[in-house]
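Trainee: Structure below; questions to follow.
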Amino acid sequence: AAEKPVWTYPSEQMFFNAMQRKGWQPDARDMHTVVGIHNAVNERAWQEVCAWEALHCAECPQGPRLAKFQGRPADLSPKARLLNFMGYAPPFDRHDWTVDRCGKTVRYVVDFYAGVPVPGGPAAAMWLDTRPALDSFGAAWDRFCMTSRFITSWAWQSAPPQSPPTQQARST
């Protein structure tokens, strides 16, 4: 039986070098913590992608595989642009993740927003907005289905509040 490929995270040195290449001035002593947070957030994003992919378990029972990952911190997604126009803070990062769903290529957008730390919770709080990119009818249908499930489940009434993007003060 063929082994399922496993995503390998960058080492602290690789992460440090990448940050320097991108113009950041990281402190090598911080890399253990930074890489740990980075990996935990990516695991959370993958869990959210898998929740969307669960809509397709009948057509792809072995589940999705991450095919490609692209950071796009300077590019606002259309949804982030709309929220920013409405007065909300823009995400601090964006990734586009390309998933192989049993031979079908599906792109996801992950917008990363700074959250408000919860007392007793982790110091680094963030909110992820993960969803299929609207580049096919199937992606639009998936968004409709997930939104409908959420609304009709009444989970929104009892769900603990998340840290949504914070609204910026508008100058008059």
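Scheme for the structure tokens: letters A, B, ... for chains in order shown; per-chain residue numbers from 1; ligand numbers from 1 in order shown.
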Tell me, as a list in words, which residues lie within 8 Å of A:Ser77, counting only C-alpha atoms; anything in the same chain fewer than 2 positions away does not count.
Mentor: Asp75, Lys79, Ala80, Arg81, Arg94, Val109 and Asp111 of chain A
Trainee: Compare A:Gln62, A:Thr33, A:Ser153, A:Thr130 by their minimum atom-to-atom distance to A:Ser11, counting only C-alpha atoms, and give me the closest one.
Mentor: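 Going through A:Gln62, A:Thr33, A:Ser153, A:Thr130 one by one, the smallest distance to A:Ser11 is for A:Thr33.
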Trainee: Calculate how many Å separate atom CA of A:Ala74 from atom CA of A:Phe112, rounding to one decimal.
Mentor: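 Distance reported for this atom pair: 12.2 Å.
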Trainee: As a VMD selection string, please: every residue in chain A that a backbone DSSP assignment puts in strand (DSSP E).
Mentor: chain A and resid 65 to 71 93 to 101 104 to 114 126 to 132
Trainee: Enumerate, as a PyMOL selection string, the complete set of residues in stretch 2-169 of chain A that a backbone-based DSSP assignment places in helix (DSSP H, G or I).
Mentor: chain A and resi 12-21+28-56+78-85+137-153+155-158
